[in-house]
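K.L.:
Quick one: structure below, then a few questions.
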Amino acid sequence: LRRRFCHELRDTITMQVPETIGVISDTHGLLRPEALAALQGCDRIIHAGDVGSPDVLDGLRLLAPTVAVRGNVDTAPFGMKLPRSRVVELEGHRIYVLHILDELGVRPAPEDISAVIYGHSHQPSIEDRDGVLYLNPGSAGPRRFRLPVTVARLSVVAGRLQAQIVDL
């Protein structure tokens, strides 16, 4: 009985802790220590393309399991192995990941897709479009023009997806 109670208690505690996904994009081969620090503690990491080097993914995988999609600069052999898009699940929410938002093609319905994660523009953005969260974590790679250097964190709060941009 004691063993069963301890097992049930552990499961209850585990279920109460929300999962956090770190979101990064447009690293262009540069994995900043500030980006690693901002993603510390994430349960998983999504890279929304323009990785630039397999070393970036290796570094992110030291923090948490990492998935990535191919960006327009990922033309080296490692990059060509990355999918152009993928769907990630987070606590019952389906998240569509791609690099260039214009390649989405159709507007997703909130019943099927809860969020769309993309990169490419280097401009961080969080928007709600007809019940679907659109998240661009911005660029964590070399600074471009006067755009900020950022990543994002995504979690579920009270059943809803919540995103936060983190300035580096």
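Going by the structure tokens order, chains are called A, B, ..., each with residues numbered from 1, while ligands are numbered from 1 in the order shown.
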Mind dumping a table of every stretch 93-124 of chain A residue within 7 Å of stretch 18-33 of chain A, with the nearest atom pair and its distance in Å to one decimal, using only C-alpha atoms, sorted by chain and rising number, as a Markdown table?

P.N.:
| residue | atom | partner | partner_atom | distance |
| --- | --- | --- | --- | --- |
| A:Gly119 | CA | A:Ser25 | CA | 5.7 |
| A:His120 | CA | A:Asp26 | CA | 6.6 |
| A:His122 | CA | A:Asp26 | CA | 6.8 |

K.L.:
Using the selection just defined, write its residues with all heavy atoms as a PDB file, in the first residue's frame.

P.N.:
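Written output follows (selection-v3.pdb):
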ATOM      1  N   GLY A 119      10.013  31.496 -38.125  1.00  0.00           N
ATOM      2  CA  GLY A 119      11.159  32.391 -37.976  1.00  0.00           C
ATOM      3  C   GLY A 119      11.287  33.268 -39.199  1.00  0.00           C
ATOM      4  O   GLY A 119      10.319  33.872 -39.644  1.00  0.00           O
ATOM      5  N   HIS A 120      12.485  33.333 -39.746  1.00  0.00           N
ATOM      6  CA  HIS A 120      12.828  33.976 -41.014  1.00  0.00           C
ATOM      7  C   HIS A 120      12.933  35.496 -40.963  1.00  0.00           C
ATOM      8  O   HIS A 120      13.900  36.063 -41.454  1.00  0.00           O
ATOM      9  CB  HIS A 120      11.869  33.550 -42.120  1.00  0.00           C
ATOM     10  CG  HIS A 120      12.256  34.004 -43.486  1.00  0.00           C
ATOM     11  ND1 HIS A 120      13.458  33.647 -44.072  1.00  0.00           N
ATOM     12  CD2 HIS A 120      11.609  34.789 -44.384  1.00  0.00           C
ATOM     13  CE1 HIS A 120      13.516  34.188 -45.279  1.00  0.00           C
ATOM     14  NE2 HIS A 120      12.424  34.889 -45.488  1.00  0.00           N
ATOM     15  N   HIS A 122      13.378  37.508 -38.442  1.00  0.00           N
ATOM     16  CA  HIS A 122      14.234  37.978 -37.341  1.00  0.00           C
ATOM     17  C   HIS A 122      13.489  38.934 -36.408  1.00  0.00           C
ATOM     18  O   HIS A 122      14.100  39.517 -35.522  1.00  0.00           O
ATOM     19  CB  HIS A 122      15.511  38.649 -37.865  1.00  0.00           C
ATOM     20  CG  HIS A 122      16.444  37.706 -38.548  1.00  0.00           C
ATOM     21  ND1 HIS A 122      17.793  37.695 -38.298  1.00  0.00           N
ATOM     22  CD2 HIS A 122      16.243  36.745 -39.481  1.00  0.00           C
ATOM     23  CE1 HIS A 122      18.376  36.778 -39.045  1.00  0.00           C
ATOM     24  NE2 HIS A 122      17.449  36.193 -39.775  1.00  0.00           N
TER      25      HIS A 122
END

K.L.:
Quick one: everything within 8 Å of A:Asn136, counting only C-alpha atoms, minus sequence neighbours fewer than 5 positions away in the same chain. Send it as a list in words.

P.N.:
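Contacts, in chain order: Ile117, Tyr118, Gly119, His122, Gln123, Pro124, Ser125 and Ile126 of chain A.
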
K.L.:
If you count only C-alpha atoms, which residues fall within 10 Å of A:Ala68, apart from same-chain ones fewer than 5 positions away, as a list in words?

P.N.:
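The filter keeps Val23, Ile24, Ser25, Ile45, Ile46, His47, Ala48, Gly49, Asp50, Val51, Leu57, Gly79, Leu82, Pro83, Arg84, Ser85, Arg86, Val97, Leu98 and His99 of chain A.
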
K.L.:
Per DSSP on the backbone, what are the strand (DSSP E or B) residues of chain A, as an MDAnalysis selection string?

P.N.:
chainID A and resid 20:24 44:47 66:68 85:90 93:98 115:117 125:129 132:136 139 149:157 160:167

K.L.:
Could you write out, as a ChimeraX atom specification, all the residues of chain A that DSSP marks as alpha helix (DSSP H)?

P.N.:
/A:2-16,33-39,54-61,77-80

K.L.:
Which distance in Å separates atom CA of A:Gly92 and atom CA of A:Thr66, to one decimal?

P.N.:
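Going from atom CA of A:Gly92 over to atom CA of A:Thr66 covers 18.9 Å.
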
K.L.:
Would you please work out which residue, of A:Leu154, A:Val56, A:Val87, A:Ile165, is nearest to A:Pro137 when using only C-alpha atoms?

P.N.:
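Smallest distance to A:Pro137 is found for A:Ile165.
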